[in-house]
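All remarks here apply to the structure that follows.
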Amino acid sequence: MPEYRIAAIPGDGIGAEVVAAGLEVLAALAARAPELTFKIESFPWGSDYYRAHGRMMAEDGLARLKDFDAIYFGAVGDPEVPDHVTLWGLRLAICQGFDLYANLRPARILPGVTSPLAGVGAGDLDWVIVRENSEGEYAGAGGRVHQGLAEEVAVETAIFTRHGVARIMRFAFDLARTRPARHLTCVTKSNAQRHGMVMWDQIFAEVARDYPDIATDKVLVDAMTTRMVRDPSSLDVVVATNLHADILSDLAAALSGGLGLAPTANLNPERAFPSMFEPIHGAGFDIAGQGIANPVGAFWSAVLMLEHLGEAEAAATLLGAIERALASGRASTPDLGGSATTAQVTEAVCAALEGKNL
């Protein structure tokens with residue numbers, strides 16, 4: 001009987017609310033399937049921890065997380081702490097420290113959810129955005145000199161390595177092979193970024209030769225925003241750099257119904273380290289403490305976590321319960337135009353897991 005050790009890091013703002021809801025749903029799932037058990041350990045890291053200790057997580061944080069099967073993360077960010085401190089001190093510290101180089105962001109229109117795109121239904125928007133998660137524009141290379149003076153200079157260097165680009169391309173091609181459309185779109189900006197992005201394009205073309213069964217195309221990132229809005233059915237799997245995919249995946253979430261629905265998997269495909277799963281919506285301090293945060297993104301992230309753990313049946317069961325709850329109308333939070341609370345959405349998904357009528 002598998003028992004999975006899960007490290008829960010609620011983090012900041014509404015992260016604590018949606019992680020608590022996600023753990024409640026996982027407990028309901030485990031109660032339905034007694035052969036599946038979770039051992040949860042929570043870590044109080046985040047901005048409050050920073051205020052108390054001067055750092056976002058414990059000094060030995062990575063060592064303490066290393067032996068877990070997965071990490072379930074809430075959010076990071078605080079109005080009183082600079083964003084680069086919160087992000088680099090916790091989320092990126094884990095992603096880079098554990099080489100979680102494949103960031104997976106599915107986007108599709110779930111039952112009961114309406115896209116802001118007129119006439120676009122569930123079958124028209126079903127994407128997976130693959131984000132290179134370890135280098136590119138977020139590699140952290142650069143610096144500032146002559147700070148505070150008129151001649152101050154800030155340099156931010158995007159790092160692209162053949163190793164890093166090739167492995168994310170292969171990951172994306174392998175993923176495309178698992179989907180009916182078998183189509184991969186490469187996002188680029190090689191017309192203006194003539195070094196790193198030109199290499200990105202070249203490696204995409206090289207890797208594509210090993211996947212003759214996958215249809216491919218290449219789109220400039222600015223044109224991609226237009227295509228996502230005007231021709232969503234032309235896309236399936238999308239591979240993009242750290243920065244480009246970060247931006248495009250927020251657009252994808254909005255077009256599929258809202259940021260509150262969107263999940264993320266930060267994967268180490270080789271499983272040398274635990275992978276991390278989180279909703280993409282951020283800390284949401286404008287609604288924190290009101291009990292109205294949409295937990296669906298956290299629930300769907302738990303689905304991705306179960307898939308990564310090899311529990312495909314449990315993942316499908318949980319996703320089905322989420323879809324039933326949304327279709328019933330009981331899981332429509334204010335961001336979706338409804339009035340359901342976080343607790344009510346959680347109750348609806350748990351009821352669906354228990355087979356109750358909604």
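So you can find residues: chains in the structure tokens are A, B, ... in the order shown, residues in each start at 1, and ligands are numbered from 1 in order.
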
Which of region 32-234 of chain A fall in alpha helix (DSSP H), as a VMD selection string: chain A and resid 32 47 to 53 61 to 65 83 to 86 92 to 97 162 to 176 196 to 208 221 to 230

Considering only C-alpha atoms, return as a PDB file with C-alpha atoms, in the first residue's frame whatever protein or nucleic-acid residues lie within 7 Å of region 255-261 of chain A, sequence-local ones (same chain, fewer than 6 positions apart) excluded.
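Okay, this is what ended up in result_14.pdb:
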ATOM      1  CA  ALA A 107      -5.192  25.229 -19.704  1.00  0.00           C
ATOM      2  CA  ARG A 108      -8.635  24.151 -20.838  1.00  0.00           C
ATOM      3  CA  ILE A 109     -12.218  25.208 -20.352  1.00  0.00           C
ATOM      4  CA  VAL A 113     -16.794  27.662 -16.754  1.00  0.00           C
ATOM      5  CA  THR A 114     -17.209  30.219 -19.531  1.00  0.00           C
ATOM      6  CA  SER A 115     -14.296  31.549 -21.539  1.00  0.00           C
ATOM      7  CA  PRO A 116     -14.201  35.316 -22.138  1.00  0.00           C
ATOM      8  CA  LEU A 117     -13.673  34.444 -25.809  1.00  0.00           C
ATOM      9  CA  ILE A 280      -0.383  29.939 -10.486  1.00  0.00           C
ATOM     10  CA  HIS A 281      -2.523  32.694  -8.972  1.00  0.00           C
ATOM     11  CA  ASN A 294     -10.722  29.897  -5.602  1.00  0.00           C
ATOM     12  CA  PRO A 295      -9.105  26.579  -4.584  1.00  0.00           C
ATOM     13  CA  VAL A 296      -9.595  24.855  -7.964  1.00  0.00           C
ATOM     14  CA  GLY A 297      -6.080  25.734  -9.136  1.00  0.00           C
TER      15      GLY A 297
END

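Near Ser47 (chain A), within a cut-off of 7 Å and counting only C-alpha atoms, sit the residues A:Asp12, A:Met56, A:Asp78, A:Thr86, with same-chain residues fewer than 6 positions away left out.
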
Pro79 (chain A) environment, 12 Å, only C-alpha atoms, sequence neighbours closer than 3 positions dropped, as a PDB file with N, CA and C atoms, in the first residue's frame:
ATOM      1  N   ASP A  12       2.351  32.355   1.475  1.00  0.00           N
ATOM      2  CA  ASP A  12       1.793  33.667   1.799  1.00  0.00           C
ATOM      3  C   ASP A  12       0.355  33.836   1.330  1.00  0.00           C
ATOM      4  N   GLY A  13      -0.344  34.788   1.959  1.00  0.00           N
ATOM      5  CA  GLY A  13      -1.670  35.195   1.507  1.00  0.00           C
ATOM      6  C   GLY A  13      -2.645  34.046   1.390  1.00  0.00           C
ATOM      7  N   SER A  47       6.812  34.784   3.902  1.00  0.00           N
ATOM      8  CA  SER A  47       7.135  36.157   4.300  1.00  0.00           C
ATOM      9  C   SER A  47       7.080  36.362   5.808  1.00  0.00           C
ATOM     10  N   ASP A  48       6.169  35.703   6.501  1.00  0.00           N
ATOM     11  CA  ASP A  48       6.155  35.801   7.964  1.00  0.00           C
ATOM     12  C   ASP A  48       7.435  35.195   8.537  1.00  0.00           C
ATOM     13  N   VAL A  76       3.680  32.706  -2.947  1.00  0.00           N
ATOM     14  CA  VAL A  76       4.704  33.521  -2.320  1.00  0.00           C
ATOM     15  C   VAL A  76       4.519  34.963  -2.776  1.00  0.00           C
ATOM     16  N   PRO A  82      10.004  42.985  -0.653  1.00  0.00           N
ATOM     17  CA  PRO A  82      10.254  43.091  -2.101  1.00  0.00           C
ATOM     18  C   PRO A  82      10.045  41.758  -2.822  1.00  0.00           C
ATOM     19  N   ASP A  83       9.436  41.837  -3.994  1.00  0.00           N
ATOM     20  CA  ASP A  83       9.084  40.619  -4.727  1.00  0.00           C
ATOM     21  C   ASP A  83      10.306  39.761  -5.046  1.00  0.00           C
ATOM     22  N   HIS A  84      11.434  40.393  -5.377  1.00  0.00           N
ATOM     23  CA  HIS A  84      12.602  39.582  -5.714  1.00  0.00           C
ATOM     24  C   HIS A  84      13.126  38.829  -4.493  1.00  0.00           C
ATOM     25  N   VAL A  85      12.870  39.350  -3.290  1.00  0.00           N
ATOM     26  CA  VAL A  85      13.276  38.656  -2.065  1.00  0.00           C
ATOM     27  C   VAL A  85      12.405  37.434  -1.837  1.00  0.00           C
ATOM     28  N   THR A  86      11.084  37.617  -1.957  1.00  0.00           N
ATOM     29  CA  THR A  86      10.185  36.492  -1.712  1.00  0.00           C
ATOM     30  C   THR A  86      10.350  35.395  -2.754  1.00  0.00           C
ATOM     31  N   ALA A 283      -0.243  35.224  -4.286  1.00  0.00           N
ATOM     32  CA  ALA A 283      -0.654  35.336  -2.887  1.00  0.00           C
ATOM     33  C   ALA A 283      -1.999  36.039  -2.691  1.00  0.00           C
ATOM     34  N   GLY A 284      -2.445  36.819  -3.663  1.00  0.00           N
ATOM     35  CA  GLY A 284      -3.792  37.408  -3.615  1.00  0.00           C
ATOM     36  C   GLY A 284      -4.121  38.139  -2.329  1.00  0.00           C
ATOM     37  N   PHE A 285      -3.258  39.052  -1.915  1.00  0.00           N
ATOM     38  CA  PHE A 285      -3.490  39.732  -0.638  1.00  0.00           C
ATOM     39  C   PHE A 285      -4.747  40.602  -0.646  1.00  0.00           C
ATOM     40  N   ASP A 286      -5.247  40.950  -1.817  1.00  0.00           N
ATOM     41  CA  ASP A 286      -6.475  41.750  -1.861  1.00  0.00           C
ATOM     42  C   ASP A 286      -7.687  40.980  -1.362  1.00  0.00           C
TER      43      ASP A 286
END

Residue neighbourhood region 125-139 of chain A, 8 Å, only C-alpha atoms, exclusion window fewer than 6 positions, as number ranges by chain: A: 95-96, 99-109, 156-160, 164-165, 168, 172, 232-233, 235-243, 245-246, 249, 256, 266

Would you save the residues of that selection, restricted to N, CA and C atoms, as a compact mmCIF listing (two decimals), in the first residue's frame?
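Below you can see out_30.txt, which holds the result:
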# COMPACT_ATOMS: atom_id res chain seq x y z
N CYS A 95 12.97 25.56 -6.94
CA CYS A 95 12.99 25.15 -8.35
C CYS A 95 14.41 24.98 -8.87
N GLN A 96 15.28 25.92 -8.55
CA GLN A 96 16.65 25.83 -9.05
C GLN A 96 17.47 24.83 -8.24
N ASP A 99 16.50 21.46 -9.48
CA ASP A 99 16.53 21.31 -10.94
C ASP A 99 15.15 20.94 -11.48
N LEU A 100 14.15 21.69 -11.07
CA LEU A 100 12.78 21.47 -11.54
C LEU A 100 12.61 22.23 -12.86
N TYR A 101 13.23 21.67 -13.90
CA TYR A 101 13.40 22.42 -15.14
C TYR A 101 12.21 22.38 -16.07
N ALA A 102 11.26 21.50 -15.84
CA ALA A 102 10.08 21.40 -16.71
C ALA A 102 8.86 21.89 -15.96
N ASN A 103 8.37 23.03 -16.38
CA ASN A 103 7.17 23.61 -15.77
C ASN A 103 5.99 23.35 -16.70
N LEU A 104 5.00 22.67 -16.17
CA LEU A 104 3.85 22.21 -16.95
C LEU A 104 2.63 23.02 -16.55
N ARG A 105 1.99 23.68 -17.53
CA ARG A 105 0.83 24.50 -17.23
C ARG A 105 -0.32 24.17 -18.20
N PRO A 106 -1.19 23.23 -17.83
CA PRO A 106 -2.35 22.94 -18.67
C PRO A 106 -3.39 24.05 -18.59
N ALA A 107 -4.10 24.25 -19.67
CA ALA A 107 -5.19 25.23 -19.70
C ALA A 107 -6.29 24.67 -20.59
N ARG A 108 -7.47 24.53 -20.04
CA ARG A 108 -8.63 24.15 -20.84
C ARG A 108 -9.90 24.65 -20.16
N ILE A 109 -10.96 24.70 -20.89
CA ILE A 109 -12.22 25.21 -20.35
C ILE A 109 -12.92 24.06 -19.63
N GLU A 156 20.83 42.30 -16.89
CA GLU A 156 20.10 41.04 -16.68
C GLU A 156 20.39 40.15 -17.88
N THR A 157 21.08 39.07 -17.66
CA THR A 157 21.53 38.23 -18.76
C THR A 157 20.68 36.96 -18.85
N ALA A 158 20.11 36.73 -20.01
CA ALA A 158 19.38 35.49 -20.25
C ALA A 158 20.38 34.40 -20.63
N ILE A 159 20.30 33.28 -19.93
CA ILE A 159 21.23 32.18 -20.15
C ILE A 159 20.52 31.05 -20.88
N PHE A 160 21.04 30.65 -22.02
CA PHE A 160 20.52 29.49 -22.74
C PHE A 160 21.67 28.52 -22.98
N GLY A 164 20.25 22.65 -21.54
CA GLY A 164 18.97 23.06 -20.99
C GLY A 164 17.88 23.17 -22.04
N VAL A 165 18.23 23.69 -23.20
CA VAL A 165 17.23 23.83 -24.27
C VAL A 165 16.84 22.48 -24.83
N ILE A 168 14.40 20.45 -22.50
CA ILE A 168 13.02 20.91 -22.43
C ILE A 168 12.30 20.64 -23.76
N ALA A 172 8.95 18.36 -24.16
CA ALA A 172 7.75 18.85 -24.84
C ALA A 172 7.33 17.91 -25.98
N PRO A 232 -7.65 29.71 -31.03
CA PRO A 232 -7.20 28.83 -29.95
C PRO A 232 -7.17 27.35 -30.33
N SER A 233 -8.03 26.93 -31.24
CA SER A 233 -8.07 25.52 -31.59
C SER A 233 -6.87 25.08 -32.41
N LEU A 235 -3.84 25.36 -31.47
CA LEU A 235 -2.74 25.08 -30.55
C LEU A 235 -3.01 23.82 -29.74
N ASP A 236 -1.93 23.15 -29.35
CA ASP A 236 -2.05 21.95 -28.52
C ASP A 236 -1.00 22.03 -27.41
N VAL A 237 0.20 21.54 -27.66
CA VAL A 237 1.32 21.69 -26.73
C VAL A 237 2.18 22.85 -27.21
N VAL A 238 2.60 23.67 -26.28
CA VAL A 238 3.40 24.86 -26.58
C VAL A 238 4.66 24.81 -25.73
N VAL A 239 5.83 25.06 -26.33
CA VAL A 239 7.07 25.12 -25.56
C VAL A 239 7.63 26.53 -25.69
N ALA A 240 8.06 27.09 -24.54
CA ALA A 240 8.53 28.47 -24.54
C ALA A 240 9.54 28.67 -23.42
N THR A 241 10.25 29.78 -23.50
CA THR A 241 11.27 30.09 -22.50
C THR A 241 10.62 30.45 -21.17
N ASN A 242 11.48 30.58 -20.18
CA ASN A 242 11.04 30.88 -18.82
C ASN A 242 10.14 32.12 -18.78
N LEU A 243 10.59 33.21 -19.37
CA LEU A 243 9.82 34.45 -19.34
C LEU A 243 8.61 34.38 -20.24
N ALA A 245 6.88 31.85 -21.43
CA ALA A 245 5.83 30.93 -20.97
C ALA A 245 5.17 31.43 -19.70
N ASP A 246 5.93 32.12 -18.86
CA ASP A 246 5.35 32.71 -17.66
C ASP A 246 4.22 33.67 -18.03
N SER A 249 1.25 31.80 -20.12
CA SER A 249 0.40 30.90 -19.33
C SER A 249 -0.62 31.68 -18.50
N SER A 256 -9.11 30.67 -20.44
CA SER A 256 -9.83 29.44 -20.10
C SER A 256 -10.73 29.62 -18.88
N ASN A 266 6.00 21.83 -11.33
CA ASN A 266 7.43 22.08 -11.52
C ASN A 266 8.13 20.73 -11.39

Spatial neighbours of region 202-206 of chain A, max dist 7 Å, only C-alpha atoms, sep filter under 4 positions, as a list in words: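 Listed by chain and then number, they are Ala166, Met169 and Val198 of chain A.
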
Using the selection just defined, write its residues with N, CA and C atoms as a tab-separated table (two decimals), in the first residue's frame.
chain	number	residue	atom	x	y	z
A	166	ALA	N	17.83	21.62	-25.07
A	166	ALA	CA	17.53	20.31	-25.67
A	166	ALA	C	16.64	19.48	-24.76
A	169	MET	N	13.04	20.71	-24.86
A	169	MET	CA	12.43	20.39	-26.15
A	169	MET	C	12.02	18.92	-26.20
A	198	VAL	N	18.03	32.35	-31.26
A	198	VAL	CA	18.39	31.67	-32.51
A	198	VAL	C	18.85	30.25	-32.20

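The closest residue to Phe273 (chain A), picked from A:Ala20, A:Ala288, A:Ile71, A:Val25 and counting only C-alpha atoms, is A:Ile71.
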
Within 6 Å of Gly74 (chain A) using only C-alpha atoms, minus same-chain residues under 4 positions, as a ChimeraX atom specification: /A:10-11,15,19,278

Every residue of region 188-247 of chain A that DSSP places in strand (DSSP E or B), as a ChimeraX atom specification: /A:188,215-220,237-240

Include N, CA and C atoms and write out the residues we just selected as a PDB file, in the first residue's frame.
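Result file follows (part-v8.pdb):
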ATOM      1  N   THR A 188       9.113  31.751 -29.911  1.00  0.00           N
ATOM      2  CA  THR A 188      10.456  32.289 -30.049  1.00  0.00           C
ATOM      3  C   THR A 188      10.408  33.814 -30.159  1.00  0.00           C
ATOM      4  N   ALA A 215       3.631  16.994 -35.537  1.00  0.00           N
ATOM      5  CA  ALA A 215       3.543  18.198 -36.360  1.00  0.00           C
ATOM      6  C   ALA A 215       4.074  19.385 -35.560  1.00  0.00           C
ATOM      7  N   THR A 216       4.793  20.262 -36.212  1.00  0.00           N
ATOM      8  CA  THR A 216       5.401  21.394 -35.512  1.00  0.00           C
ATOM      9  C   THR A 216       5.156  22.703 -36.249  1.00  0.00           C
ATOM     10  N   ASP A 217       5.205  23.774 -35.491  1.00  0.00           N
ATOM     11  CA  ASP A 217       5.281  25.101 -36.072  1.00  0.00           C
ATOM     12  C   ASP A 217       6.002  26.019 -35.095  1.00  0.00           C
ATOM     13  N   LYS A 218       6.384  27.194 -35.571  1.00  0.00           N
ATOM     14  CA  LYS A 218       7.169  28.140 -34.784  1.00  0.00           C
ATOM     15  C   LYS A 218       6.505  29.508 -34.884  1.00  0.00           C
ATOM     16  N   VAL A 219       6.338  30.178 -33.730  1.00  0.00           N
ATOM     17  CA  VAL A 219       5.602  31.439 -33.689  1.00  0.00           C
ATOM     18  C   VAL A 219       6.367  32.443 -32.828  1.00  0.00           C
ATOM     19  N   LEU A 220       6.481  33.678 -33.305  1.00  0.00           N
ATOM     20  CA  LEU A 220       7.052  34.737 -32.480  1.00  0.00           C
ATOM     21  C   LEU A 220       6.116  35.029 -31.309  1.00  0.00           C
ATOM     22  N   VAL A 237       0.204  21.542 -27.661  1.00  0.00           N
ATOM     23  CA  VAL A 237       1.321  21.694 -26.730  1.00  0.00           C
ATOM     24  C   VAL A 237       2.183  22.852 -27.207  1.00  0.00           C
ATOM     25  N   VAL A 238       2.603  23.672 -26.275  1.00  0.00           N
ATOM     26  CA  VAL A 238       3.404  24.859 -26.582  1.00  0.00           C
ATOM     27  C   VAL A 238       4.664  24.809 -25.728  1.00  0.00           C
ATOM     28  N   VAL A 239       5.827  25.055 -26.325  1.00  0.00           N
ATOM     29  CA  VAL A 239       7.071  25.121 -25.559  1.00  0.00           C
ATOM     30  C   VAL A 239       7.635  26.527 -25.690  1.00  0.00           C
ATOM     31  N   ALA A 240       8.056  27.090 -24.540  1.00  0.00           N
ATOM     32  CA  ALA A 240       8.528  28.467 -24.542  1.00  0.00           C
ATOM     33  C   ALA A 240       9.537  28.674 -23.417  1.00  0.00           C
TER      34      ALA A 240
END

Nearest residue to Phe98 (chain A) from the set A:Glu270, A:Glu354, A:Asp124, A:Glu24 (distances using only C-alpha atoms): A:Glu270

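Rounded to one decimal, CA of Gly320 (chain A) and CA of Ala21 (chain A) lie 17.0 Å from each other.
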
Separation of CA of Ala75 (chain A) from CA of Pro279 (chain A) in Å: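 Pair CA of Pro279 (chain A) / CA of Ala75 (chain A) returns 7.6 Å.
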
Selected residue of minimal separation from Arg5 (chain A) among A:Ala325, A:Lys66, A:Arg194, A:Thr346, counting only C-alpha atoms: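 Among the listed residues, the smallest separation from Arg5 (chain A) belongs to A:Lys66.
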
Which of A:Leu336, A:Arg144, A:Leu149, A:Ser328 sits closest to Lys356 (chain A) [using only C-alpha atoms]: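 Of A:Leu336, A:Arg144, A:Leu149, A:Ser328, the one nearest Lys356 (chain A) is A:Ser328, counting only C-alpha atoms.
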
From A:Ile6, A:Val145, A:Ala293, A:Ile214, residue lying nearest Arg64 (chain A) [only C-alpha atoms]: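 Checking each candidate against Arg64 (chain A), we get A:Ile6 as the closest.
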